[in-house]
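For reference, the structure is listed below as structure tokens.
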Amino acid sequence: MKNRLRVLRAEREWSQADLAERLEVSRQSVNAIETGKFDPSLPLAFKLARLFETTIEGIFTDEE
Amino acid sequence: MSSRVGSPAKYRFEDRVLFFVVPLFFLDAILGIWGFHYHHLHPDGALAVVCAALQSSPIIAFIVIVGLYLAGETDDFQKTVLVQSILRGIGVTLAVTTFCGSLEKYGFLRQMDVSWVQILFFVTVTVSMLVSRWRYR
């Protein structure tokens with residue numbers, strides 16, 4: 001699954017560690033999601049959407 | 001803003017492994033390799049049952065601790081990494097013990113000391129966790 005996490009994070013000038021702190025997850029988790037190696041759970045996807053004031057579809061795109 | 005290295009559940013997990021599993025593991029390794037293998041100790045009766053229970057205790061303790069961790073951890077990614085590492089450990093242990101067991105059955109290999117099974121399991125899980133940590137650094 002593709003995502004715009006890196007772009008959204010860069011717009012706010014947040015590091016991966018900053019985002020991890022806001023999401024209450026590890027920095028490794030943010031890195032894995034950003035690089036597409038791990039798909040977040042639905043609650044975490046909603047949390048991301050709320051944090052970036054957008055929708056889940058605004059962050060994640062289904063590759064199919 | 002500081003980076004969160006681990007969650008409280010992860011710290012509890014690491015502490016529990018360090019204080020329960022590691023001492024039991026070394027006790028088992030010493031008992032199994034030094035006592036039974038090199039000094040040919042053969043416990044009998046109730047003592048045999050106690051020794052056998054002691055030898056399986058590190059894995060039982062580890063499984064209980066992992067269960068507590070999975071119940072308390074809120075970071076799904078960290079849960080996934082641990083479960084993947086344990087699955088790799090189980091897979092490698094099963095494959096190697098089946099291979100060695102077959103060779104033993106055909107008469108090509110001496111009986112393998114059961115302590116090596118635990119050593120293999122814990123080493124594989126630890127290596128797998130370190131590889132995951134490096135991969136997602």
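Residue numbers start at 1 in each chain; chains themselves are named A, B, ... in the order of the structure tokens; ligands are numbered from 1 in the order shown.
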Quiz item: Looking only at the backbone, which of the residues in range 2-49 of chain B does DSSP tag as alpha helix (DSSP H), as JSON, numbers by chain?
Solution: {"B": [8, 9, 10, 11, 12, 13, 14, 15, 16, 22, 23, 24, 25, 26, 27, 28, 29, 45, 46, 47, 48, 49]}
How would the residues just chosen look if you wrote them out with N, CA and C atoms as a CSV table (one decimal), in the first residue's frame?
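After the write, result29.csv holds the following:
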chain,number,residue,atom,x,y,z
B,8,PRO,N,6.1,0.8,27.5
B,8,PRO,CA,6.2,0.2,28.8
B,8,PRO,C,6.0,-1.3,28.8
B,9,ALA,N,5.2,-1.8,27.9
B,9,ALA,CA,5.0,-3.3,27.7
B,9,ALA,C,6.3,-4.0,27.3
B,10,LYS,N,7.0,-3.3,26.4
B,10,LYS,CA,8.3,-3.8,25.9
B,10,LYS,C,9.3,-3.8,27.0
B,11,TYR,N,9.4,-2.8,27.8
B,11,TYR,CA,10.3,-2.8,28.9
B,11,TYR,C,10.0,-3.9,29.9
B,12,ARG,N,8.7,-4.1,30.2
B,12,ARG,CA,8.3,-5.1,31.1
B,12,ARG,C,8.7,-6.5,30.5
B,13,PHE,N,8.5,-6.7,29.2
B,13,PHE,CA,8.9,-7.9,28.5
B,13,PHE,C,10.4,-8.2,28.7
B,14,GLU,N,11.2,-7.1,28.4
B,14,GLU,CA,12.6,-7.3,28.4
B,14,GLU,C,13.1,-7.6,29.9
B,15,ASP,N,12.5,-6.9,30.8
B,15,ASP,CA,12.9,-7.2,32.3
B,15,ASP,C,12.5,-8.6,32.6
B,16,ARG,N,11.3,-9.1,32.2
B,16,ARG,CA,10.9,-10.4,32.6
B,16,ARG,C,11.8,-11.5,31.9
B,22,VAL,N,16.3,-15.9,31.2
B,22,VAL,CA,17.8,-16.0,31.1
B,22,VAL,C,18.4,-16.9,32.2
B,23,PRO,N,18.1,-16.6,33.5
B,23,PRO,CA,18.7,-17.5,34.5
B,23,PRO,C,18.2,-19.0,34.4
B,24,LEU,N,16.9,-19.2,34.0
B,24,LEU,CA,16.5,-20.5,33.8
B,24,LEU,C,17.2,-21.2,32.6
B,25,PHE,N,17.4,-20.4,31.6
B,25,PHE,CA,18.1,-20.9,30.4
B,25,PHE,C,19.5,-21.4,30.7
B,26,PHE,N,20.2,-20.6,31.5
B,26,PHE,CA,21.6,-20.9,31.8
B,26,PHE,C,21.7,-22.1,32.8
B,27,LEU,N,20.7,-22.1,33.7
B,27,LEU,CA,20.6,-23.2,34.7
B,27,LEU,C,20.4,-24.5,33.9
B,28,ASP,N,19.5,-24.4,33.0
B,28,ASP,CA,19.1,-25.6,32.1
B,28,ASP,C,20.3,-26.0,31.3
B,29,ALA,N,21.0,-25.1,30.7
B,29,ALA,CA,22.2,-25.4,29.9
B,29,ALA,C,23.3,-26.1,30.7
B,45,GLY,N,13.3,-41.3,39.7
B,45,GLY,CA,12.0,-41.0,40.4
B,45,GLY,C,11.6,-39.6,40.3
B,46,ALA,N,11.2,-39.0,41.5
B,46,ALA,CA,10.7,-37.6,41.5
B,46,ALA,C,11.7,-36.6,41.1
B,47,LEU,N,13.0,-36.9,41.3
B,47,LEU,CA,14.0,-36.0,40.9
B,47,LEU,C,14.1,-35.9,39.4
B,48,ALA,N,13.8,-37.0,38.8
B,48,ALA,CA,13.9,-37.0,37.3
B,48,ALA,C,12.7,-36.1,36.7
B,49,VAL,N,11.6,-36.2,37.4
B,49,VAL,CA,10.4,-35.3,37.0
B,49,VAL,C,10.8,-33.8,37.2
Practice problem: Output as a list of chain:residue names the set of chain A residues within 7 Å of chain B, with distances taken over only C-alpha atoms. | Solution: A:Ala17, A:Asp18, A:Glu21, A:Val25, A:Ser26, A:Arg27, A:Gln28, A:Ser29, A:Asn31, A:Ala32
May I have the residues from that selection written out with N, CA and C atoms, as a tab-separated table (two decimals), in the first residue's frame?
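Writing done, so here's result-v4.tsv:
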chain	number	residue	atom	x	y	z
A	17	ALA	N	10.68	10.49	14.65
A	17	ALA	CA	10.55	10.39	16.11
A	17	ALA	C	9.41	11.27	16.63
A	18	ASP	N	9.27	12.48	16.05
A	18	ASP	CA	8.18	13.38	16.44
A	18	ASP	C	6.82	12.73	16.18
A	21	GLU	N	6.09	9.86	18.52
A	21	GLU	CA	5.68	10.36	19.84
A	21	GLU	C	4.20	10.75	19.83
A	25	VAL	N	3.61	5.35	19.26
A	25	VAL	CA	4.20	4.10	18.77
A	25	VAL	C	5.71	4.29	18.68
A	26	SER	N	6.44	3.24	18.33
A	26	SER	CA	7.89	3.36	18.21
A	26	SER	C	8.27	4.02	16.88
A	27	ARG	N	9.47	4.59	16.84
A	27	ARG	CA	9.95	5.20	15.59
A	27	ARG	C	10.08	4.15	14.49
A	28	GLN	N	10.44	2.93	14.89
A	28	GLN	CA	10.53	1.82	13.94
A	28	GLN	C	9.20	1.60	13.23
A	29	SER	N	8.11	1.73	13.97
A	29	SER	CA	6.77	1.54	13.38
A	29	SER	C	6.51	2.58	12.30
A	31	ASN	N	8.73	4.26	10.59
A	31	ASN	CA	9.62	3.97	9.47
A	31	ASN	C	9.07	2.83	8.61
A	32	ALA	N	8.59	1.77	9.27
A	32	ALA	CA	8.06	0.60	8.55
A	32	ALA	C	6.80	0.97	7.75
Practice problem: Quick one: pull the distance between CA of Val114 in chain B and CA of His42 in chain B, Å, one decimal. | Solution: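 Atom-to-atom, CA of Val114 in chain B and CA of His42 in chain B are spaced 14.2 Å apart.
Distances to Leu82 in chain B were evaluated for B:His40, B:Leu70, B:Cys100, B:Val117 using only C-alpha atoms, and the minimum falls at B:Leu70.
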Quiz item: Quick one: of B:Ile59, B:Leu31, B:Val96, B:Val21, who's nearest to Gln118 in chain B, counting only C-alpha atoms?
Solution: B:Ile59
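Put simply, CA of Met112 in chain B is 26.2 Å away from CA of Met129 in chain B.
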Quiz prompt | One-decimal distance in Å that lies between CA of Thr35 in chain A and CA of Ile90 in chain B | solution = 28.0 Å
Practice problem: Rank B:Phe121, B:Phe19, B:Tyr38, B:Tyr69 by their smallest atom-to-atom distance to Ala95 in chain B, using only C-alpha atoms, and report the top residue only. | Solution: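 The shortest atom-to-atom distance to Ala95 in chain B comes from B:Phe121.
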Practice problem: Compile the contact shell of range 4-6 of chain A as number ranges by chain: residues with an atom at most 12 Å away, counting only C-alpha atoms, same-chain residues fewer than 4 positions apart removed. | Solution: A: 10-16, 19-20, 30-36, 40, 45, 48-49, 51-52, 54-62
Let's have the selection written as a PDB file, in the first residue's frame, with N, CA and C atoms.
ATOM      1  N   ALA A  10       6.870  15.855   6.253  1.00  0.00           N
ATOM      2  CA  ALA A  10       7.826  16.895   5.839  1.00  0.00           C
ATOM      3  C   ALA A  10       7.162  18.274   5.831  1.00  0.00           C
ATOM      4  N   GLU A  11       5.878  18.316   5.407  1.00  0.00           N
ATOM      5  CA  GLU A  11       5.144  19.599   5.385  1.00  0.00           C
ATOM      6  C   GLU A  11       5.084  20.237   6.768  1.00  0.00           C
ATOM      7  N   ARG A  12       5.031  19.387   7.782  1.00  0.00           N
ATOM      8  CA  ARG A  12       4.954  19.892   9.166  1.00  0.00           C
ATOM      9  C   ARG A  12       6.328  19.961   9.835  1.00  0.00           C
ATOM     10  N   GLU A  13       7.345  19.564   9.075  1.00  0.00           N
ATOM     11  CA  GLU A  13       8.726  19.546   9.580  1.00  0.00           C
ATOM     12  C   GLU A  13       8.865  18.670  10.825  1.00  0.00           C
ATOM     13  N   TRP A  14       8.201  17.528  10.779  1.00  0.00           N
ATOM     14  CA  TRP A  14       8.298  16.569  11.889  1.00  0.00           C
ATOM     15  C   TRP A  14       9.291  15.482  11.507  1.00  0.00           C
ATOM     16  N   SER A  15      10.070  15.051  12.465  1.00  0.00           N
ATOM     17  CA  SER A  15      10.931  13.888  12.239  1.00  0.00           C
ATOM     18  C   SER A  15      10.083  12.621  12.467  1.00  0.00           C
ATOM     19  N   GLN A  16      10.644  11.475  12.108  1.00  0.00           N
ATOM     20  CA  GLN A  16       9.934  10.215  12.373  1.00  0.00           C
ATOM     21  C   GLN A  16       9.690  10.060  13.873  1.00  0.00           C
ATOM     22  N   LEU A  19       6.705  12.174  14.971  1.00  0.00           N
ATOM     23  CA  LEU A  19       5.432  11.547  14.601  1.00  0.00           C
ATOM     24  C   LEU A  19       5.145  10.339  15.502  1.00  0.00           C
ATOM     25  N   ALA A  20       6.198   9.558  15.766  1.00  0.00           N
ATOM     26  CA  ALA A  20       6.050   8.369  16.624  1.00  0.00           C
ATOM     27  C   ALA A  20       5.542   8.771  18.003  1.00  0.00           C
ATOM     28  N   VAL A  30       6.852   3.837  12.610  1.00  0.00           N
ATOM     29  CA  VAL A  30       6.650   4.926  11.640  1.00  0.00           C
ATOM     30  C   VAL A  30       7.479   4.663  10.397  1.00  0.00           C
ATOM     31  N   ASN A  31       8.730   4.264  10.595  1.00  0.00           N
ATOM     32  CA  ASN A  31       9.625   3.970   9.467  1.00  0.00           C
ATOM     33  C   ASN A  31       9.071   2.826   8.614  1.00  0.00           C
ATOM     34  N   ALA A  32       8.586   1.766   9.271  1.00  0.00           N
ATOM     35  CA  ALA A  32       8.060   0.603   8.545  1.00  0.00           C
ATOM     36  C   ALA A  32       6.803   0.971   7.747  1.00  0.00           C
ATOM     37  N   ILE A  33       5.951   1.829   8.324  1.00  0.00           N
ATOM     38  CA  ILE A  33       4.722   2.250   7.620  1.00  0.00           C
ATOM     39  C   ILE A  33       5.095   3.150   6.439  1.00  0.00           C
ATOM     40  N   GLU A  34       5.989   4.094   6.701  1.00  0.00           N
ATOM     41  CA  GLU A  34       6.406   5.043   5.659  1.00  0.00           C
ATOM     42  C   GLU A  34       7.007   4.353   4.443  1.00  0.00           C
ATOM     43  N   THR A  35       7.812   3.333   4.687  1.00  0.00           N
ATOM     44  CA  THR A  35       8.493   2.628   3.591  1.00  0.00           C
ATOM     45  C   THR A  35       7.620   1.525   2.986  1.00  0.00           C
ATOM     46  N   GLY A  36       6.402   1.394   3.484  1.00  0.00           N
ATOM     47  CA  GLY A  36       5.465   0.419   2.920  1.00  0.00           C
ATOM     48  C   GLY A  36       5.735  -1.019   3.325  1.00  0.00           C
ATOM     49  N   PRO A  40      -0.553  -0.196   8.650  1.00  0.00           N
ATOM     50  CA  PRO A  40      -1.037   0.056  10.018  1.00  0.00           C
ATOM     51  C   PRO A  40      -2.413  -0.561  10.257  1.00  0.00           C
ATOM     52  N   ALA A  45      -4.533   3.908  11.577  1.00  0.00           N
ATOM     53  CA  ALA A  45      -4.807   4.668  10.343  1.00  0.00           C
ATOM     54  C   ALA A  45      -5.732   5.848  10.651  1.00  0.00           C
ATOM     55  N   LEU A  48      -3.762   8.513  12.423  1.00  0.00           N
ATOM     56  CA  LEU A  48      -2.953   9.263  11.458  1.00  0.00           C
ATOM     57  C   LEU A  48      -3.808  10.294  10.722  1.00  0.00           C
ATOM     58  N   ALA A  49      -4.991   9.846  10.302  1.00  0.00           N
ATOM     59  CA  ALA A  49      -5.895  10.737   9.568  1.00  0.00           C
ATOM     60  C   ALA A  49      -6.290  11.936  10.432  1.00  0.00           C
ATOM     61  N   LEU A  51      -4.609  13.153  12.989  1.00  0.00           N
ATOM     62  CA  LEU A  51      -3.412  13.949  13.241  1.00  0.00           C
ATOM     63  C   LEU A  51      -3.092  14.873  12.064  1.00  0.00           C
ATOM     64  N   PHE A  52      -3.247  14.349  10.837  1.00  0.00           N
ATOM     65  CA  PHE A  52      -2.942  15.155   9.647  1.00  0.00           C
ATOM     66  C   PHE A  52      -4.189  15.869   9.087  1.00  0.00           C
ATOM     67  N   THR A  54      -6.965  14.870   7.730  1.00  0.00           N
ATOM     68  CA  THR A  54      -7.388  14.409   6.414  1.00  0.00           C
ATOM     69  C   THR A  54      -8.136  13.074   6.587  1.00  0.00           C
ATOM     70  N   THR A  55      -8.408  12.419   5.470  1.00  0.00           N
ATOM     71  CA  THR A  55      -9.056  11.110   5.525  1.00  0.00           C
ATOM     72  C   THR A  55      -7.990  10.008   5.392  1.00  0.00           C
ATOM     73  N   ILE A  56      -8.390   8.778   5.682  1.00  0.00           N
ATOM     74  CA  ILE A  56      -7.441   7.659   5.507  1.00  0.00           C
ATOM     75  C   ILE A  56      -7.038   7.550   4.034  1.00  0.00           C
ATOM     76  N   GLU A  57      -8.024   7.767   3.146  1.00  0.00           N
ATOM     77  CA  GLU A  57      -7.715   7.725   1.691  1.00  0.00           C
ATOM     78  C   GLU A  57      -6.775   8.851   1.277  1.00  0.00           C
ATOM     79  N   GLY A  58      -6.763   9.916   2.050  1.00  0.00           N
ATOM     80  CA  GLY A  58      -5.854  11.027   1.782  1.00  0.00           C
ATOM     81  C   GLY A  58      -4.407  10.702   2.113  1.00  0.00           C
ATOM     82  N   ILE A  59      -4.220   9.646   2.884  1.00  0.00           N
ATOM     83  CA  ILE A  59      -2.867   9.234   3.265  1.00  0.00           C
ATOM     84  C   ILE A  59      -2.455   7.954   2.525  1.00  0.00           C
ATOM     85  N   PHE A  60      -3.377   6.995   2.508  1.00  0.00           N
ATOM     86  CA  PHE A  60      -3.050   5.688   1.924  1.00  0.00           C
ATOM     87  C   PHE A  60      -3.789   5.470   0.599  1.00  0.00           C
ATOM     88  N   THR A  61      -3.076   4.838  -0.334  1.00  0.00           N
ATOM     89  CA  THR A  61      -3.654   4.527  -1.630  1.00  0.00           C
ATOM     90  C   THR A  61      -3.494   3.041  -1.903  1.00  0.00           C
ATOM     91  N   ASP A  62      -4.589   2.387  -2.268  1.00  0.00           N
ATOM     92  CA  ASP A  62      -4.530   0.979  -2.627  1.00  0.00           C
ATOM     93  C   ASP A  62      -3.849   0.860  -3.992  1.00  0.00           C
TER      94      ASP A  62
END
Practice problem: Going by DSSP on the backbone, which bits of chain A are strand (DSSP E)? Write them as an MDAnalysis selection string, please. | Solution: chainID A and resid 2:3 60:61
Limited to C-alpha atoms, could you put the picked residues into a file as an mmCIF file, in the first residue's frame?
data_model
loop_
_atom_site.group_PDB
_atom_site.id
_atom_site.type_symbol
_atom_site.label_atom_id
_atom_site.label_comp_id
_atom_site.auth_asym_id
_atom_site.auth_seq_id
_atom_site.Cartn_x
_atom_site.Cartn_y
_atom_site.Cartn_z
ATOM 1 C CA LYS A 2 1.390 3.412 -1.017
ATOM 2 C CA ASN A 3 1.192 6.327 1.378
ATOM 3 C CA PHE A 60 -3.050 5.688 1.924
ATOM 4 C CA THR A 61 -3.654 4.527 -1.630
#
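Taking only C-alpha atoms into account, Thr93 in chain B lies nearest to B:Thr124 out of the set B:Ser115, B:Gly107, B:Thr124, B:Lys79.
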